[in-house]
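Each remark here refers to the structure printed beneath this line.
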Amino acid sequence: MLRIDDLSAWYGEAQVLRGVSLEIAAGEVVTLCGRNGAGKTTLLRCVMGLHPGQRGTVELAGRTLSGQPAHRRARAGLGWVPDDRGCYATLTVAETLSLPPVVGPSPWSLEQVYDAFPHLHARRNAPSTTLSGGEQQMLALARVLRMGARLLLCDEPTEGLSPLLVAQVGDILRQAKQHGVAVLLVEQNLHFATTVADRHHLLAEGRVVESLENSEVAAREKDLLAYLGI
Amino acid sequence: MRTKAFVMLCSTALLASACGGGGPKSDAAGGGLSDGKVVFGVLNDQSGAYSQLSGKNSIKAVELAIADYKEKYGDKAVVKEFGVETADHQNKPDVANAKAAELYDRKAVDVILDVPTSSAALKVADVAKEKKKLYFNISAATTDLTGKSCNKYTFHYAYDTYMLANGTGRNTTEEGKKNWYIVYPDYAFGQDMEKSFSAAVEAAGGKIVGRDAAPFPNTSGDFSTYLLKAPTLNPKPDVLGTMQAGAELVALVKQYNEFKLRDKGVGLAVGLMFLTDIHSLTPAALAGTTYTDAWYWNHDLTNRAFADRFKTAAGVRPTFAHAANYSAALQYLEAVQAAGTDGSDAVVKQLEGKTVEDVFLRNGKIRAEDHRVVHDAYLAQVKTPAEVTEEWDYVKILRTVPAADAFRTPSPDCKL
Amino acid sequence: MVNFLQHTFNGLVGGAFLALLALGLAVIFGMLRVVNFAHGAIYMLGAFGAYVLLTEVGLSFWWALLVMPIALALFGMALERLLVARLARLDPLYNFLLTFGLTLILQDAVKSRYGVQSSPYDAPAILSGTLDLGAFDFPAYRVFVLVMAVAVCVGVWWLLSRTRVGMVVRAATERPELSTALGIDVGRWVTPVFGFGIGLAGLAGVLAAPIRAVNPLMGADLIIVVFAVVVIGGLGSIFGSVAAGFAIGLVQAWVQALGEDWALLSQVLVFLVMAGVLLWRPAGLFGREEAPA
Ligand SMILES: Nc1ncnc2c1ncn2[C@@H]1O[C@H](COP(=O)(O)OP(=O)(O)O)[C@@H](O)[C@H]1O
Ligand SMILES: [Mg+2]
């Protein structure tokens, strides 16, 4: 589904990514772990086409995305769940949900969204920035599901959420996976990651320093936590 | 953050420019002509609000005066060579100051003419005094030029606020319009005009029932607050006296008509108006309005003959400022002719106390006491559209204000 | 009391012009982050265009009211494509300077063709009378101006808040990057929005022609006040700029009506209010601080 090849990125002179390569198949959930400042968000922004200083190739379902503007990439099937949850003060919840175009074969309907997230239904006419943190996260996820995106780029979707909500995020991601949606998940919460992901990549100093199958994680947990600085 | 950047952007929107040129010149000798010629310096507004009423066409007027002098004296002319220099003072006092110094020092100008905008005119008077060079102010209105800022080398030629107020204020009041509401622009000229008008109206037995200082510049171009207020004053004013000039006058008169004040019994008197203002507003918008004119091109055949020559040269009919520029240039040359030199002191001596009759100056006299040039003025009324039969002929002269009454007596503030 | 009502109504009419101009400025700033200094010159072109259409083409005020905003909107779109867009990636200062230079060019072009004196322009005959508003009479044309301005502001509000186009423009204005990542082609909206803002300034200019002095400099001073209005309302805030426009018009009319002793205050009022608002709420009355990038 997604293939990243030899991706490098800079902020001005400072190189942040140094030749990252990875692949994700349809229906596969892959996490990207790493300390703060490792370059995870930058990687997602490169895939999304939001980061100007990048080199390397990004392909979605065999079609190259490199050089395309972000709105084309979104329309090709990328669904971005940004780390700040991407809410609008001038758009209501309902408007935020209907803003993006449908880009994939199996978009959720508004009813499905409201069934799955009754809180959003209750607050549907409120400006989306007035939602609680957890609700905002749900809104950001619901929005890309509405698009029917084929690949989700989720930047720390569980950060700051209660265990109950974290579990719900897990349900949603597994459900998406069952529909053949691929997910690139940036995640610090290793326990959560192991409940949803097939594979894990460890990012440090702009490189993928380790790649593990989900089954290997349990054995390496101590090392990994040390890597993450926890 | 946005706001801060924005405020910074706005503050960069200020531009200033000043540039000069020309080489140094030798000064006047004891007799004869400095540099062997007489150079006029026409300093006025060439791009802004006052560029129509005098502006570049004032140069044309000066050229006509040179031609007439040459023709009159032929071989006997003292002055054989002439120059006309010009500069745009943009109605800014500091620019006027710099340009005047440049004209005198570097362009070898012997006499500066015109200079609208009172604040700029006063600056140039200081320069003339310092450089000991002649200066005929034509287009500025302030009486300070012959009051506390008078000096030996400065002459105030065409009109002043006293003349305007005395003509319009006194005559309108004496006609029975006793109650006045005065609206004036809130800067030196307007304040000066308001004082002069109030004094003239009260001296004639009238009463100021209200006065308002409008913002200057009036950014919105809107005067409706005052026009709404006028008919509600108690007692109701018979006449609205507006001291606005140029574009602001245009806007005010438009709105005066819009609010139908004439129908509500409030007449209109205008403090200062030029032919070019009537032209832009159209006579229809101003029909019936009275004001004081220093000169009118179609008043008699002499004026008309000059206006025909001017129209051939400039394409438009002359305002009083154009005629006065012509007259001042001519009288300067006459004085040089009589003195046999363009040395400033000798020329001033020729001018002082002289009685003059020319196309602009009727019963004219150059007062020695304060250098006020007095002459007949005219109470004028804008014609109705039906009365207008010729382009630019927008005004009828109601009566002549004799030279002896038209201007104030010399001010004790003036010490030459 | 009647006097007060009259001045209040009149203040709203004055505010109508400020609101229309501020609205256009806010729409443009919101979408492009460009402070369009040329807004005053466009207002002037609107008024002058009405005059030229009448004298040289023979088209009445009503035609001008239709033609000029559209013509200027197209001019604005061309301007955006040819010039503004080229500087969009640089510091906003460049576009500010561009529009500042453009102002001088437009003013001088009109000046060299038509001179600086004011050109005559009358209200259409049907609106040249006064209208009985119950408590008082008021010039019919001014009532028309107020009705037009309110209608336009309500129309813009409806467009922005109740239509899909408006929603997309709001999203693109508030968070351009996020919106592109959600599949919105933000760039596609930039040109029409710029043209729309310019068209609003042209509309204000046509409306001004019958009651104000039509000359090349008529927008030059006004634009500074409109900038102050936009800052008071909150940069880029659509609602704020309209509300501040009407409010400043009202307060100005009230203070002017107080009389001669208050003349100075009425001149500096808008800037005092701006300074006060900036101290109290740096983002303006209805503005939001920019989210950190
Ligand atoms: N706007 C920026 N300008 C300059 N450097 C940045 C910027 N954003 C992030 N960085 C740097 O790039 C590196 C990677 O950041 P990021 O991708 O946000 O890391 P992560 O998401 O893994 O915490 C960090 O060292 C950070 O300091
Ligand atoms: Mg991050």
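Ligands are numbered from 1 in the order shown, residues from 1 within each chain, and chains are lettered A, B, ... in the order they appear in the structure tokens.
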| request: Check the DSSP output for the backbone and give back, as number ranges by chain, the residues of segment 132-316 of chain B in strand (DSSP E or B). | output: B: 134-137, 154-156, 179-185, 207-214, 239-242, 267-270, 290-293
Okay, now the selection with N, CA and C atoms, as a compact mmCIF listing (two decimals), in the first residue's frame?
# COMPACT_ATOMS: atom_id res chain seq x y z
N LEU B 134 13.06 88.78 -3.02
CA LEU B 134 11.64 89.11 -3.05
C LEU B 134 10.75 87.87 -3.11
N TYR B 135 9.54 88.10 -2.60
CA TYR B 135 8.56 87.03 -2.51
C TYR B 135 7.17 87.65 -2.60
N PHE B 136 6.44 87.29 -3.64
CA PHE B 136 5.05 87.73 -3.78
C PHE B 136 4.17 86.53 -3.49
N ASN B 137 3.49 86.58 -2.35
CA ASN B 137 2.56 85.48 -2.13
C ASN B 137 1.24 85.79 -2.81
N THR B 154 8.63 90.50 1.63
CA THR B 154 7.43 89.71 1.34
C THR B 154 6.23 90.62 1.04
N PHE B 155 5.55 90.33 -0.05
CA PHE B 155 4.33 91.06 -0.41
C PHE B 155 3.18 90.07 -0.51
N HIS B 156 2.02 90.50 0.02
CA HIS B 156 0.85 89.60 -0.05
C HIS B 156 -0.09 90.20 -1.09
N ASN B 179 -28.28 85.04 11.18
CA ASN B 179 -27.84 83.91 12.00
C ASN B 179 -26.96 82.95 11.19
N TRP B 180 -25.76 82.72 11.70
CA TRP B 180 -24.78 81.91 10.98
C TRP B 180 -24.43 80.65 11.74
N TYR B 181 -24.24 79.59 10.97
CA TYR B 181 -23.63 78.36 11.51
C TYR B 181 -22.35 78.14 10.69
N ILE B 182 -21.22 78.14 11.36
CA ILE B 182 -19.95 78.06 10.64
C ILE B 182 -19.30 76.69 10.83
N VAL B 183 -18.94 76.08 9.72
CA VAL B 183 -18.21 74.81 9.75
C VAL B 183 -16.85 75.07 9.12
N TYR B 184 -15.79 74.73 9.85
CA TYR B 184 -14.45 75.02 9.32
C TYR B 184 -13.53 73.82 9.51
N PRO B 185 -12.55 73.67 8.61
CA PRO B 185 -11.59 72.59 8.76
C PRO B 185 -10.63 72.92 9.90
N LYS B 207 -25.14 87.11 14.08
CA LYS B 207 -24.89 86.28 15.25
C LYS B 207 -24.42 84.89 14.81
N ILE B 208 -23.42 84.36 15.52
CA ILE B 208 -22.98 82.99 15.23
C ILE B 208 -23.78 82.07 16.16
N VAL B 209 -24.70 81.29 15.58
CA VAL B 209 -25.53 80.44 16.43
C VAL B 209 -24.91 79.06 16.63
N GLY B 210 -23.88 78.76 15.89
CA GLY B 210 -23.21 77.49 16.09
C GLY B 210 -21.93 77.46 15.26
N ARG B 211 -20.94 76.75 15.75
CA ARG B 211 -19.74 76.57 14.95
C ARG B 211 -19.18 75.19 15.22
N ASP B 212 -18.63 74.56 14.19
CA ASP B 212 -18.05 73.23 14.35
C ASP B 212 -16.75 73.12 13.60
N ALA B 213 -15.78 72.49 14.25
CA ALA B 213 -14.49 72.22 13.62
C ALA B 213 -14.53 70.81 13.05
N ALA B 214 -14.49 70.70 11.75
CA ALA B 214 -14.51 69.38 11.13
C ALA B 214 -13.08 68.85 11.07
N VAL B 239 -27.92 80.88 7.40
CA VAL B 239 -26.89 80.55 6.43
C VAL B 239 -25.83 79.65 7.07
N LEU B 240 -25.42 78.67 6.28
CA LEU B 240 -24.31 77.81 6.68
C LEU B 240 -23.06 78.37 6.01
N GLY B 241 -22.09 78.77 6.81
CA GLY B 241 -20.84 79.28 6.26
C GLY B 241 -19.80 78.18 6.29
N THR B 242 -19.35 77.75 5.12
CA THR B 242 -18.34 76.68 5.10
C THR B 242 -16.98 77.25 4.73
N GLY B 267 -29.32 78.82 3.93
CA GLY B 267 -28.55 79.16 2.73
C GLY B 267 -27.10 78.72 2.87
N LEU B 268 -26.33 78.90 1.80
CA LEU B 268 -24.94 78.48 1.83
C LEU B 268 -24.04 79.65 1.47
N ALA B 269 -23.04 79.88 2.31
CA ALA B 269 -22.00 80.86 1.98
C ALA B 269 -20.66 80.15 2.06
N VAL B 270 -19.83 80.41 1.08
CA VAL B 270 -18.57 79.69 1.00
C VAL B 270 -17.43 80.65 1.31
N THR B 290 -23.13 82.39 -2.54
CA THR B 290 -22.33 83.62 -2.64
C THR B 290 -20.95 83.40 -2.03
N TYR B 291 -20.00 84.12 -2.57
CA TYR B 291 -18.64 84.10 -2.02
C TYR B 291 -17.91 85.35 -2.51
N THR B 292 -16.74 85.57 -1.99
CA THR B 292 -15.97 86.74 -2.39
C THR B 292 -14.86 86.31 -3.34
N ASP B 293 -14.77 87.00 -4.45
CA ASP B 293 -13.76 86.67 -5.46
C ASP B 293 -12.77 87.84 -5.53
| request: Extract, using only C-alpha atoms, all DNA, RNA and protein residues at most 10 Å from segment 176-191 of chain C, discarding same-chain residues fewer than 2 positions from it, and format them as JSON, numbers by chain. | output: {"A": [45, 48, 49, 50, 69, 70, 71, 72, 73, 74, 75, 76, 77, 78, 79, 80, 81, 82, 85, 86, 87, 88, 99, 100, 101, 102, 103, 143, 144, 147], "C": [28, 31, 32, 73, 74, 76, 77, 78, 79, 80, 81, 84, 85, 165, 168, 169, 170, 171, 172, 173, 174, 193, 194, 195, 196]}
Mind listing the residues within 9 Å of ligand 2, only C-alpha atoms and all ligand atoms counted, as a PDB file with N, CA and C atoms, in the first residue's frame?
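Below is the file that was written, selection-v9.pdb:
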ATOM      1  N   ASN A  36      11.073  11.678  21.818  1.00  0.00           N
ATOM      2  CA  ASN A  36      10.677  12.996  21.339  1.00  0.00           C
ATOM      3  C   ASN A  36      11.794  13.599  20.499  1.00  0.00           C
ATOM      4  N   GLY A  37      11.457  14.142  19.375  1.00  0.00           N
ATOM      5  CA  GLY A  37      12.462  14.780  18.527  1.00  0.00           C
ATOM      6  C   GLY A  37      13.163  13.829  17.591  1.00  0.00           C
ATOM      7  N   ALA A  38      12.706  12.553  17.562  1.00  0.00           N
ATOM      8  CA  ALA A  38      13.363  11.578  16.696  1.00  0.00           C
ATOM      9  C   ALA A  38      13.038  11.821  15.216  1.00  0.00           C
ATOM     10  N   GLY A  39      11.937  12.506  14.949  1.00  0.00           N
ATOM     11  CA  GLY A  39      11.589  12.786  13.551  1.00  0.00           C
ATOM     12  C   GLY A  39      10.320  12.099  13.090  1.00  0.00           C
ATOM     13  N   LYS A  40       9.523  11.604  14.023  1.00  0.00           N
ATOM     14  CA  LYS A  40       8.319  10.845  13.661  1.00  0.00           C
ATOM     15  C   LYS A  40       7.284  11.750  12.979  1.00  0.00           C
ATOM     16  N   THR A  41       7.024  12.879  13.628  1.00  0.00           N
ATOM     17  CA  THR A  41       6.051  13.805  13.046  1.00  0.00           C
ATOM     18  C   THR A  41       6.529  14.298  11.685  1.00  0.00           C
ATOM     19  N   THR A  42       7.835  14.571  11.605  1.00  0.00           N
ATOM     20  CA  THR A  42       8.398  15.033  10.340  1.00  0.00           C
ATOM     21  C   THR A  42       8.177  13.990   9.243  1.00  0.00           C
ATOM     22  N   ASP A  83      -0.930  15.572  15.092  1.00  0.00           N
ATOM     23  CA  ASP A  83      -0.667  15.443  16.522  1.00  0.00           C
ATOM     24  C   ASP A  83      -1.435  16.476  17.344  1.00  0.00           C
ATOM     25  N   ASP A 155      -0.801  10.493  14.248  1.00  0.00           N
ATOM     26  CA  ASP A 155       0.319  10.996  15.040  1.00  0.00           C
ATOM     27  C   ASP A 155      -0.066  11.039  16.515  1.00  0.00           C
ATOM     28  N   GLU A 156       0.383  10.034  17.248  1.00  0.00           N
ATOM     29  CA  GLU A 156       0.118   9.914  18.682  1.00  0.00           C
ATOM     30  C   GLU A 156      -1.348  10.108  19.032  1.00  0.00           C
ATOM     31  N   VAL A 186       2.130   6.592  14.762  1.00  0.00           N
ATOM     32  CA  VAL A 186       3.206   7.074  15.630  1.00  0.00           C
ATOM     33  C   VAL A 186       2.722   6.905  17.053  1.00  0.00           C
TER      34      VAL A 186
END
| request: Point out the residue among C:Met167, C:Gly245, C:Leu222, C:Leu207 with the least atom-to-atom distance to chain A, counting only C-alpha atoms. | output: C:Met167
Just want the 9 Å neighbourhood of Gln331 of chain B, counted on only C-alpha atoms, with same-chain residues fewer than 5 positions away dropped. Output as a PDB file with N, CA and C atoms, in the first residue's frame.
ATOM      1  N   ALA B  65       3.247  87.623 -18.701  1.00  0.00           N
ATOM      2  CA  ALA B  65       3.738  88.898 -18.153  1.00  0.00           C
ATOM      3  C   ALA B  65       5.082  89.266 -18.788  1.00  0.00           C
ATOM      4  N   TYR B 326       0.224  86.658 -12.904  1.00  0.00           N
ATOM      5  CA  TYR B 326       0.563  87.500 -14.059  1.00  0.00           C
ATOM      6  C   TYR B 326       0.885  88.914 -13.586  1.00  0.00           C
ATOM      7  N   VAL B 336      11.730  96.688 -11.523  1.00  0.00           N
ATOM      8  CA  VAL B 336      13.131  96.516 -11.927  1.00  0.00           C
ATOM      9  C   VAL B 336      13.474  97.541 -13.018  1.00  0.00           C
ATOM     10  N   LEU B 351       8.542  99.507  -5.192  1.00  0.00           N
ATOM     11  CA  LEU B 351       7.198  98.942  -5.025  1.00  0.00           C
ATOM     12  C   LEU B 351       6.417  99.637  -3.920  1.00  0.00           C
ATOM     13  N   VAL B 356      -1.242 101.095  -8.467  1.00  0.00           N
ATOM     14  CA  VAL B 356      -1.121 100.288  -9.683  1.00  0.00           C
ATOM     15  C   VAL B 356      -2.497 100.055 -10.283  1.00  0.00           C
ATOM     16  N   ASP B 358      -3.773  97.435 -13.239  1.00  0.00           N
ATOM     17  CA  ASP B 358      -3.544  96.487 -14.336  1.00  0.00           C
ATOM     18  C   ASP B 358      -4.721  95.528 -14.412  1.00  0.00           C
TER      19      ASP B 358
END
| request: Can you pull out every residue within 10 Å of Glu352 of chain B, counting only C-alpha atoms, but drop anything in the same chain fewer than 6 positions away, and send it as a ChimeraX atom specification? | output: /B:152,155,335,365-373
| Surrounding residues of Ala141 of chain B excluding itself and chain neighbours under 6 positions, 7 Å, only C-alpha atoms, as a list in words | Ser118, Tyr159, Asp160 and Thr161 of chain B
Could you save those same residues with N, CA and C atoms as a tab-separated table (two decimals), in the first residue's frame?
chain	number	residue	atom	x	y	z
B	118	SER	N	-1.24	78.17	3.69
B	118	SER	CA	-0.72	79.20	4.59
B	118	SER	C	0.55	78.79	5.34
B	159	TYR	N	-5.26	88.11	-2.01
B	159	TYR	CA	-6.42	88.05	-1.11
B	159	TYR	C	-5.93	87.65	0.26
B	160	ASP	N	-6.82	87.66	1.24
B	160	ASP	CA	-6.52	87.05	2.53
B	160	ASP	C	-7.82	86.73	3.26
B	161	THR	N	-7.71	86.13	4.41
B	161	THR	CA	-8.93	85.68	5.11
B	161	THR	C	-9.81	86.87	5.46
